[in-house]
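Listing of my_file02.txt; format and content: compact mmCIF, N, CA and C atoms.
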```txt
# COMPACT_ATOMS: atom_id res chain seq x y z
N MET M 21 178.36 126.36 78.90
CA MET M 21 177.20 126.49 79.77
C MET M 21 176.51 125.14 79.83
N ILE M 22 176.47 124.56 80.99
CA ILE M 22 175.89 123.23 81.16
C ILE M 22 174.40 123.37 81.46
N MET M 23 173.59 122.64 80.69
CA MET M 23 172.14 122.66 80.86
C MET M 23 171.62 121.25 80.93
N GLU M 24 170.61 121.08 81.75
CA GLU M 24 169.93 119.79 81.81
C GLU M 24 168.59 119.94 81.10
N LEU M 25 168.49 119.31 79.93
CA LEU M 25 167.26 119.34 79.16
C LEU M 25 166.66 117.95 79.12
N ASP M 26 165.34 117.90 79.22
CA ASP M 26 164.62 116.62 79.17
C ASP M 26 163.85 116.58 77.85
N PHE M 27 164.40 115.87 76.89
CA PHE M 27 163.78 115.82 75.57
C PHE M 27 162.48 115.02 75.55
N ALA M 28 162.20 114.27 76.62
CA ALA M 28 160.94 113.51 76.71
C ALA M 28 159.86 114.29 77.46
N SER M 29 160.20 115.46 77.98
CA SER M 29 159.27 116.26 78.76
C SER M 29 158.20 116.90 77.87
N SER M 30 157.07 117.22 78.49
CA SER M 30 156.02 117.94 77.77
C SER M 30 156.33 119.44 77.72
N ILE M 31 157.33 119.89 78.47
CA ILE M 31 157.74 121.29 78.45
C ILE M 31 158.59 121.51 77.21
N PRO M 32 158.23 122.49 76.37
CA PRO M 32 159.01 122.73 75.15
C PRO M 32 160.48 123.00 75.46
N ILE M 33 161.36 122.59 74.57
CA ILE M 33 162.80 122.73 74.77
C ILE M 33 163.18 124.21 74.93
N TYR M 34 162.58 125.10 74.15
CA TYR M 34 162.93 126.52 74.30
C TYR M 34 162.59 127.02 75.69
N GLN M 35 161.48 126.53 76.26
CA GLN M 35 161.09 126.92 77.62
C GLN M 35 162.07 126.34 78.64
N GLN M 36 162.54 125.12 78.41
CA GLN M 36 163.52 124.52 79.31
C GLN M 36 164.83 125.31 79.28
N ILE M 37 165.25 125.75 78.09
CA ILE M 37 166.47 126.56 77.98
C ILE M 37 166.27 127.86 78.74
N ARG M 38 165.14 128.50 78.54
CA ARG M 38 164.82 129.74 79.27
C ARG M 38 164.90 129.50 80.76
N ASN M 39 164.26 128.43 81.23
CA ASN M 39 164.23 128.14 82.66
C ASN M 39 165.63 127.89 83.22
N GLU M 40 166.46 127.18 82.47
CA GLU M 40 167.83 126.89 82.91
C GLU M 40 168.65 128.18 83.03
N ILE M 41 168.46 129.10 82.11
CA ILE M 41 169.20 130.36 82.18
C ILE M 41 168.73 131.18 83.37
N VAL M 42 167.42 131.23 83.61
CA VAL M 42 166.91 131.95 84.78
C VAL M 42 167.45 131.32 86.06
N ARG M 43 167.48 129.99 86.14
CA ARG M 43 168.04 129.32 87.32
C ARG M 43 169.52 129.66 87.50
N ALA M 44 170.25 129.72 86.40
CA ALA M 44 171.69 130.03 86.47
C ALA M 44 171.91 131.44 87.01
N VAL M 45 171.05 132.38 86.64
CA VAL M 45 171.15 133.74 87.17
C VAL M 45 170.79 133.72 88.66
N ALA M 46 169.73 133.00 89.01
CA ALA M 46 169.27 132.96 90.39
C ALA M 46 170.31 132.35 91.34
N ASP M 47 171.01 131.33 90.89
CA ASP M 47 171.97 130.68 91.80
C ASP M 47 173.39 131.21 91.66
N GLY M 48 173.57 132.25 90.84
CA GLY M 48 174.87 132.90 90.77
C GLY M 48 175.83 132.36 89.72
N ARG M 49 175.43 131.36 88.95
CA ARG M 49 176.30 130.87 87.88
C ARG M 49 176.43 131.90 86.77
N LEU M 50 175.41 132.74 86.62
CA LEU M 50 175.44 133.86 85.68
C LEU M 50 175.14 135.13 86.45
N ALA M 51 175.87 136.20 86.15
CA ALA M 51 175.68 137.48 86.83
C ALA M 51 175.33 138.56 85.83
N ASP M 52 174.87 139.69 86.35
CA ASP M 52 174.54 140.83 85.52
C ASP M 52 175.75 141.19 84.65
N GLY M 53 175.53 141.30 83.34
CA GLY M 53 176.60 141.65 82.42
C GLY M 53 177.33 140.48 81.80
N ASP M 54 177.10 139.27 82.30
CA ASP M 54 177.76 138.09 81.71
C ASP M 54 177.23 137.86 80.30
N ARG M 55 178.14 137.49 79.41
CA ARG M 55 177.75 137.18 78.04
C ARG M 55 177.33 135.72 77.94
N LEU M 56 176.26 135.50 77.20
CA LEU M 56 175.80 134.14 76.94
C LEU M 56 176.44 133.63 75.66
N PRO M 57 176.48 132.31 75.49
CA PRO M 57 177.01 131.78 74.23
C PRO M 57 176.17 132.27 73.06
N THR M 58 176.76 132.28 71.89
CA THR M 58 175.98 132.63 70.71
C THR M 58 174.87 131.60 70.52
N ILE M 59 173.88 131.96 69.75
CA ILE M 59 172.77 131.05 69.49
C ILE M 59 173.28 129.75 68.88
N ARG M 60 174.14 129.88 67.90
CA ARG M 60 174.67 128.68 67.24
C ARG M 60 175.49 127.83 68.19
N ALA M 61 176.33 128.47 69.00
CA ALA M 61 177.18 127.72 69.93
C ALA M 61 176.35 126.96 70.95
N LEU M 62 175.34 127.62 71.52
CA LEU M 62 174.50 126.95 72.52
C LEU M 62 173.69 125.84 71.87
N ALA M 63 173.17 126.08 70.69
CA ALA M 63 172.40 125.05 69.98
C ALA M 63 173.25 123.81 69.75
N GLN M 64 174.48 124.02 69.33
CA GLN M 64 175.38 122.90 69.08
C GLN M 64 175.71 122.18 70.40
N GLU M 65 175.94 122.96 71.45
CA GLU M 65 176.30 122.38 72.76
C GLU M 65 175.20 121.49 73.32
N VAL M 66 173.95 121.93 73.21
CA VAL M 66 172.85 121.15 73.80
C VAL M 66 172.16 120.24 72.80
N GLY M 67 172.56 120.33 71.52
CA GLY M 67 172.03 119.42 70.52
C GLY M 67 170.63 119.72 70.04
N VAL M 68 170.35 121.02 69.83
CA VAL M 68 169.04 121.41 69.33
C VAL M 68 169.21 122.35 68.14
N ASN M 69 168.12 122.64 67.46
CA ASN M 69 168.11 123.56 66.33
C ASN M 69 168.37 124.98 66.85
N SER M 70 169.09 125.76 66.08
CA SER M 70 169.39 127.13 66.51
C SER M 70 168.14 127.99 66.65
N MET M 71 167.08 127.67 65.92
CA MET M 71 165.82 128.42 66.06
C MET M 71 165.21 128.21 67.45
N THR M 72 165.44 127.05 68.04
CA THR M 72 164.94 126.76 69.38
C THR M 72 165.64 127.67 70.40
N VAL M 73 166.95 127.78 70.28
CA VAL M 73 167.71 128.66 71.18
C VAL M 73 167.32 130.11 70.93
N ASN M 74 167.15 130.48 69.67
CA ASN M 74 166.73 131.84 69.34
C ASN M 74 165.40 132.17 70.01
N LYS M 75 164.47 131.24 70.00
CA LYS M 75 163.16 131.46 70.63
C LYS M 75 163.32 131.67 72.13
N ALA M 76 164.20 130.88 72.77
CA ALA M 76 164.45 131.02 74.20
C ALA M 76 165.07 132.39 74.50
N TYR M 77 166.05 132.80 73.70
CA TYR M 77 166.69 134.10 73.90
C TYR M 77 165.69 135.24 73.70
N GLN M 78 164.83 135.12 72.70
CA GLN M 78 163.82 136.16 72.47
C GLN M 78 162.85 136.27 73.65
N LEU M 79 162.47 135.13 74.19
CA LEU M 79 161.59 135.12 75.36
C LEU M 79 162.28 135.79 76.55
N LEU M 80 163.54 135.44 76.77
CA LEU M 80 164.30 136.06 77.86
C LEU M 80 164.46 137.56 77.66
N LYS M 81 164.63 137.97 76.42
CA LYS M 81 164.73 139.40 76.12
C LYS M 81 163.41 140.10 76.42
N GLN M 82 162.29 139.50 76.01
CA GLN M 82 160.97 140.09 76.27
C GLN M 82 160.71 140.21 77.77
N GLU M 83 161.19 139.24 78.52
CA GLU M 83 160.97 139.23 79.97
C GLU M 83 161.96 140.13 80.71
N GLY M 84 162.93 140.69 80.00
CA GLY M 84 163.87 141.61 80.61
C GLY M 84 165.11 140.98 81.21
N TYR M 85 165.34 139.69 80.95
CA TYR M 85 166.51 139.02 81.51
C TYR M 85 167.76 139.18 80.65
N LEU M 86 167.57 139.53 79.39
CA LEU M 86 168.70 139.66 78.46
C LEU M 86 168.65 140.98 77.72
N ILE M 87 169.84 141.43 77.36
CA ILE M 87 169.98 142.53 76.43
C ILE M 87 170.72 141.95 75.23
N THR M 88 170.23 142.22 74.04
CA THR M 88 170.92 141.71 72.86
C THR M 88 171.46 142.88 72.05
N ASP M 89 172.62 142.64 71.47
CA ASP M 89 173.32 143.63 70.67
C ASP M 89 174.02 142.87 69.55
N ARG M 90 173.87 143.33 68.35
CA ARG M 90 174.47 142.62 67.21
C ARG M 90 175.97 142.45 67.34
N ARG M 91 176.63 143.42 67.95
CA ARG M 91 178.08 143.35 68.08
C ARG M 91 178.52 142.51 69.28
N ASN M 92 177.77 142.59 70.39
CA ASN M 92 178.19 141.93 71.63
C ASN M 92 177.40 140.68 71.96
N GLY M 93 176.38 140.37 71.21
CA GLY M 93 175.56 139.19 71.49
C GLY M 93 174.60 139.43 72.64
N ALA M 94 174.29 138.37 73.36
CA ALA M 94 173.32 138.44 74.46
C ALA M 94 174.05 138.51 75.79
N THR M 95 173.64 139.46 76.62
CA THR M 95 174.21 139.58 77.96
C THR M 95 173.09 139.56 79.00
N VAL M 96 173.43 139.06 80.16
CA VAL M 96 172.47 138.95 81.27
C VAL M 96 172.16 140.33 81.81
N ARG M 97 170.91 140.55 82.11
CA ARG M 97 170.46 141.81 82.70
C ARG M 97 169.59 141.49 83.90
N CYS M 98 169.98 141.94 85.07
CA CYS M 98 169.17 141.73 86.26
C CYS M 98 168.05 142.76 86.29
N THR M 99 166.95 142.41 86.91
CA THR M 99 165.76 143.26 86.90
C THR M 99 165.92 144.47 87.80
N ASP M 100 165.21 145.55 87.43
CA ASP M 100 165.19 146.74 88.27
C ASP M 100 163.97 146.68 89.19
N GLU M 101 163.75 147.71 89.99
CA GLU M 101 162.69 147.71 91.01
C GLU M 101 161.30 147.51 90.41
N GLY M 102 160.99 148.21 89.31
CA GLY M 102 159.67 148.06 88.69
C GLY M 102 159.43 146.65 88.19
N GLU M 103 160.45 146.08 87.57
CA GLU M 103 160.33 144.71 87.08
C GLU M 103 160.25 143.73 88.24
N ARG M 104 160.97 144.02 89.31
CA ARG M 104 160.94 143.15 90.49
C ARG M 104 159.51 143.07 91.05
N GLN M 105 158.84 144.19 91.10
CA GLN M 105 157.47 144.21 91.60
C GLN M 105 156.53 143.44 90.68
N ALA M 106 156.71 143.59 89.37
CA ALA M 106 155.88 142.85 88.41
C ALA M 106 156.10 141.35 88.55
N VAL M 107 157.35 140.95 88.71
CA VAL M 107 157.66 139.53 88.89
C VAL M 107 157.05 139.05 90.21
N GLY M 108 157.11 139.88 91.24
CA GLY M 108 156.50 139.51 92.53
C GLY M 108 155.01 139.24 92.40
N ARG M 109 154.32 140.07 91.63
CA ARG M 109 152.88 139.85 91.41
C ARG M 109 152.63 138.55 90.66
N LYS M 110 153.44 138.31 89.63
CA LYS M 110 153.29 137.08 88.83
C LYS M 110 153.53 135.85 89.71
N VAL M 111 154.60 135.89 90.48
CA VAL M 111 154.93 134.76 91.35
C VAL M 111 153.83 134.55 92.39
N GLY M 112 153.31 135.65 92.91
CA GLY M 112 152.23 135.55 93.90
C GLY M 112 151.01 134.82 93.36
N LYS M 113 150.64 135.13 92.11
CA LYS M 113 149.50 134.45 91.49
C LYS M 113 149.79 132.97 91.31
N GLU M 114 151.00 132.67 90.82
CA GLU M 114 151.35 131.27 90.58
C GLU M 114 151.44 130.49 91.90
N LEU M 115 151.98 131.14 92.94
CA LEU M 115 152.05 130.48 94.25
C LEU M 115 150.65 130.26 94.82
N GLY M 116 149.74 131.19 94.55
CA GLY M 116 148.37 131.02 95.01
C GLY M 116 147.74 129.76 94.45
N LEU M 117 147.94 129.52 93.17
CA LEU M 117 147.41 128.32 92.54
C LEU M 117 148.10 127.07 93.11
N LEU M 118 149.43 127.14 93.26
CA LEU M 118 150.15 126.00 93.83
C LEU M 118 149.70 125.72 95.26
N ALA M 119 149.45 126.77 96.04
CA ALA M 119 148.97 126.58 97.41
C ALA M 119 147.61 125.88 97.41
N ALA M 120 146.74 126.29 96.50
CA ALA M 120 145.42 125.65 96.42
C ALA M 120 145.56 124.17 96.05
N GLU M 121 146.45 123.88 95.10
CA GLU M 121 146.67 122.49 94.71
C GLU M 121 147.26 121.68 95.87
N ALA M 122 148.15 122.30 96.65
CA ALA M 122 148.73 121.63 97.81
C ALA M 122 147.66 121.31 98.84
N LYS M 123 146.76 122.26 99.08
CA LYS M 123 145.66 122.04 100.04
C LYS M 123 144.78 120.89 99.58
N VAL M 124 144.41 120.90 98.31
CA VAL M 124 143.56 119.84 97.78
C VAL M 124 144.23 118.48 97.91
N ALA M 125 145.56 118.45 97.75
CA ALA M 125 146.32 117.21 97.85
C ALA M 125 146.55 116.78 99.29
N GLY M 126 146.21 117.65 100.24
CA GLY M 126 146.34 117.29 101.65
C GLY M 126 147.65 117.70 102.30
N LEU M 127 148.47 118.50 101.64
CA LEU M 127 149.70 118.98 102.26
C LEU M 127 149.38 120.03 103.31
N SER M 128 150.11 119.99 104.41
CA SER M 128 149.91 121.00 105.45
C SER M 128 150.60 122.30 105.04
N GLU M 129 150.27 123.37 105.72
CA GLU M 129 150.91 124.65 105.43
C GLU M 129 152.43 124.55 105.65
N GLY M 130 152.82 123.86 106.70
CA GLY M 130 154.24 123.67 106.98
C GLY M 130 154.96 122.92 105.87
N GLU M 131 154.33 121.86 105.37
CA GLU M 131 154.93 121.09 104.27
C GLU M 131 155.05 121.95 103.02
N PHE M 132 154.00 122.73 102.74
CA PHE M 132 154.03 123.60 101.57
C PHE M 132 155.13 124.65 101.69
N LEU M 133 155.22 125.27 102.88
CA LEU M 133 156.25 126.29 103.08
C LEU M 133 157.66 125.71 102.99
N GLU M 134 157.83 124.50 103.47
CA GLU M 134 159.15 123.86 103.37
C GLU M 134 159.50 123.59 101.90
N LEU M 135 158.52 123.16 101.11
CA LEU M 135 158.76 122.98 99.68
C LEU M 135 159.13 124.31 99.02
N CYS M 136 158.46 125.40 99.42
CA CYS M 136 158.79 126.72 98.89
C CYS M 136 160.21 127.12 99.27
N ARG M 137 160.60 126.87 100.53
CA ARG M 137 161.96 127.20 100.98
C ARG M 137 163.00 126.43 100.17
N GLN M 138 162.74 125.15 99.97
CA GLN M 138 163.67 124.32 99.21
C GLN M 138 163.78 124.81 97.77
N ALA M 139 162.66 125.15 97.15
CA ALA M 139 162.66 125.63 95.78
C ALA M 139 163.42 126.96 95.69
N TYR M 140 163.19 127.85 96.65
CA TYR M 140 163.87 129.15 96.64
C TYR M 140 165.37 128.99 96.82
N ALA M 141 165.75 128.00 97.60
CA ALA M 141 167.19 127.73 97.83
C ALA M 141 167.83 126.97 96.67
N GLY M 142 167.01 126.57 95.70
CA GLY M 142 167.55 125.87 94.54
C GLY M 142 167.65 124.37 94.73
N ARG M 143 166.97 123.86 95.74
CA ARG M 143 166.96 122.41 95.97
C ARG M 143 165.60 121.88 95.53
N PRO M 144 165.59 120.93 94.60
CA PRO M 144 164.30 120.40 94.11
C PRO M 144 163.56 119.60 95.15
```
Output the structure of this file as structure tokens.
Amino acid sequence: MIMELDFASSIPIYQQIRNEIVRAVADGRLADGDRLPTIRALAQEVGVNSMTVNKAYQLLKQEGYLITDRRNGATVRCTDEGERQAVGRKVGKELGLLAAEAKVAGLSEGEFLELCRQAYAGRP
């Protein structure tokens, strides 16, 4: 599993791992039911402490993106309708703040919407 982590970033490494896994599910690199590497294997692959990967996996489990089983490890779980609605509310709040920041910075509605389209399509 290839991940791009920025060790100089102010974003904690566990959060970056979480974000990379969510992006992989969103763009189809990971699908519902796919098994993730073991904590130790991923930690070794990306060069971090296994506790960091464990924290990322626990966060993903709490958010409903993973199912963990002692025998089968961690597998991807896509959200159901109730979770989809909850995520929609969360995203709506976050987009509201981003829209306000865009307005303050002088971006037009069209520019903001184009940035949203690009982000949704997976283009930074």
Tell me which of M:Glu24, M:Thr58, M:Phe132, M:Leu115 sits closest to Arg91 of chain M, counting only C-alpha atoms.
->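 Looking at the shortest contact to Arg91 of chain M, the residue is M:Thr58.
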Surrounding residues of Tyr77 of chain M excluding itself and chain neighbours under 5 positions, 10 Å, only C-alpha atoms, as a PDB file with N, CA and C atoms, in the frame of the given file:
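Generated file (out-v8.pdb):
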```pdb
ATOM      1  N   TYR M  34     162.580 125.100  74.150  1.00  0.00           N
ATOM      2  CA  TYR M  34     162.930 126.520  74.300  1.00  0.00           C
ATOM      3  C   TYR M  34     162.590 127.020  75.690  1.00  0.00           C
ATOM      4  N   GLN M  35     161.480 126.530  76.260  1.00  0.00           N
ATOM      5  CA  GLN M  35     161.090 126.920  77.620  1.00  0.00           C
ATOM      6  C   GLN M  35     162.070 126.340  78.640  1.00  0.00           C
ATOM      7  N   ILE M  37     165.250 125.750  78.090  1.00  0.00           N
ATOM      8  CA  ILE M  37     166.470 126.560  77.980  1.00  0.00           C
ATOM      9  C   ILE M  37     166.270 127.860  78.740  1.00  0.00           C
ATOM     10  N   ARG M  38     165.140 128.500  78.540  1.00  0.00           N
ATOM     11  CA  ARG M  38     164.820 129.740  79.270  1.00  0.00           C
ATOM     12  C   ARG M  38     164.900 129.500  80.760  1.00  0.00           C
ATOM     13  N   ILE M  41     168.460 129.100  82.110  1.00  0.00           N
ATOM     14  CA  ILE M  41     169.200 130.360  82.180  1.00  0.00           C
ATOM     15  C   ILE M  41     168.730 131.180  83.370  1.00  0.00           C
ATOM     16  N   LEU M  56     176.260 135.500  77.200  1.00  0.00           N
ATOM     17  CA  LEU M  56     175.800 134.140  76.940  1.00  0.00           C
ATOM     18  C   LEU M  56     176.440 133.630  75.660  1.00  0.00           C
ATOM     19  N   THR M  58     176.760 132.280  71.890  1.00  0.00           N
ATOM     20  CA  THR M  58     175.980 132.630  70.710  1.00  0.00           C
ATOM     21  C   THR M  58     174.870 131.600  70.520  1.00  0.00           C
ATOM     22  N   ILE M  59     173.880 131.960  69.750  1.00  0.00           N
ATOM     23  CA  ILE M  59     172.770 131.050  69.490  1.00  0.00           C
ATOM     24  C   ILE M  59     173.280 129.750  68.880  1.00  0.00           C
ATOM     25  N   MET M  71     167.080 127.670  65.920  1.00  0.00           N
ATOM     26  CA  MET M  71     165.820 128.420  66.060  1.00  0.00           C
ATOM     27  C   MET M  71     165.210 128.210  67.450  1.00  0.00           C
ATOM     28  N   THR M  72     165.440 127.050  68.040  1.00  0.00           N
ATOM     29  CA  THR M  72     164.940 126.760  69.380  1.00  0.00           C
ATOM     30  C   THR M  72     165.640 127.670  70.400  1.00  0.00           C
ATOM     31  N   GLN M  82     162.290 139.500  76.010  1.00  0.00           N
ATOM     32  CA  GLN M  82     160.970 140.090  76.270  1.00  0.00           C
ATOM     33  C   GLN M  82     160.710 140.210  77.770  1.00  0.00           C
ATOM     34  N   GLU M  83     161.190 139.240  78.520  1.00  0.00           N
ATOM     35  CA  GLU M  83     160.970 139.230  79.970  1.00  0.00           C
ATOM     36  C   GLU M  83     161.960 140.130  80.710  1.00  0.00           C
ATOM     37  N   TYR M  85     165.340 139.690  80.950  1.00  0.00           N
ATOM     38  CA  TYR M  85     166.510 139.020  81.510  1.00  0.00           C
ATOM     39  C   TYR M  85     167.760 139.180  80.650  1.00  0.00           C
ATOM     40  N   LEU M  86     167.570 139.530  79.390  1.00  0.00           N
ATOM     41  CA  LEU M  86     168.700 139.660  78.460  1.00  0.00           C
ATOM     42  C   LEU M  86     168.650 140.980  77.720  1.00  0.00           C
ATOM     43  N   ILE M  87     169.840 141.430  77.360  1.00  0.00           N
ATOM     44  CA  ILE M  87     169.980 142.530  76.430  1.00  0.00           C
ATOM     45  C   ILE M  87     170.720 141.950  75.230  1.00  0.00           C
ATOM     46  N   THR M  88     170.230 142.220  74.040  1.00  0.00           N
ATOM     47  CA  THR M  88     170.920 141.710  72.860  1.00  0.00           C
ATOM     48  C   THR M  88     171.460 142.880  72.050  1.00  0.00           C
ATOM     49  N   ALA M  94     174.290 138.370  73.360  1.00  0.00           N
ATOM     50  CA  ALA M  94     173.320 138.440  74.460  1.00  0.00           C
ATOM     51  C   ALA M  94     174.050 138.510  75.790  1.00  0.00           C
TER      52      ALA M  94
END
```
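For the atom pair formed by atom N of Arg60 of chain M and atom N of Gln78 of chain M, the distance is 11.7 Å, given to one decimal.
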Any idea what the distance is between atom CA of Asp47 of chain M and atom C of Ala139 of chain M?
->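 If I compute the distance from atom CA of Asp47 of chain M to atom C of Ala139 of chain M, I get 10.1 Å.
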Go through M:Leu25, M:Val107, M:Arg43, M:Ala122 one by one, measure the shortest atom-to-atom distance of each to Val66 of chain M using all atoms listed in the file, and give the residue with the smallest value.
->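 Using all atoms listed in the file, Val66 of chain M sits closest to M:Leu25.
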Just asking: which residues within chain M are strand (DSSP E) according to DSSP, as a list of chain:residue names?
-> M:Leu86, M:Ile87, M:Thr88, M:Asp89, M:Gly93, M:Ala94, M:Thr95, M:Val96
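Nearest residue to Val73 of chain M, choosing from M:Ile33, M:Cys98, M:Leu133, M:Ala46 and counting all atoms listed in the file: M:Ile33.
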Would you please give, as a PyMOL selection string, all residues of segment 52-130 of chain M that DSSP assigns to helix (DSSP H, G or I) based on the backbone?
-> chain M and resi 59-66+70-82+101-125+129-130
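What separates atom CA of Leu127 of chain M from atom CA of Gly142 of chain M is a distance of 20.6 Å.
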Find, counting only C-alpha atoms, the residue in M:Cys136, M:Pro32, M:Ala106, M:Arg49 that gets nearest to Leu118 of chain M.
->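 Of all the options, M:Cys136 lies closest to Leu118 of chain M.
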With distances taken over all atoms listed in the file, the candidate from M:Val111, M:Gly67, M:Val124, M:Val96 nearest Leu50 of chain M is M:Val96
Which centre and which edge lengths, in Å to one decimal, describe the axis-aligned box that holds all listed atoms of segment 132-138 of chain M after 8 Å is added on each side, as JSON?
```
{"center_x": 158.9, "center_y": 125.0, "center_z": 100.6, "size_x": 25.8, "size_y": 20.5, "size_z": 21.7}
```
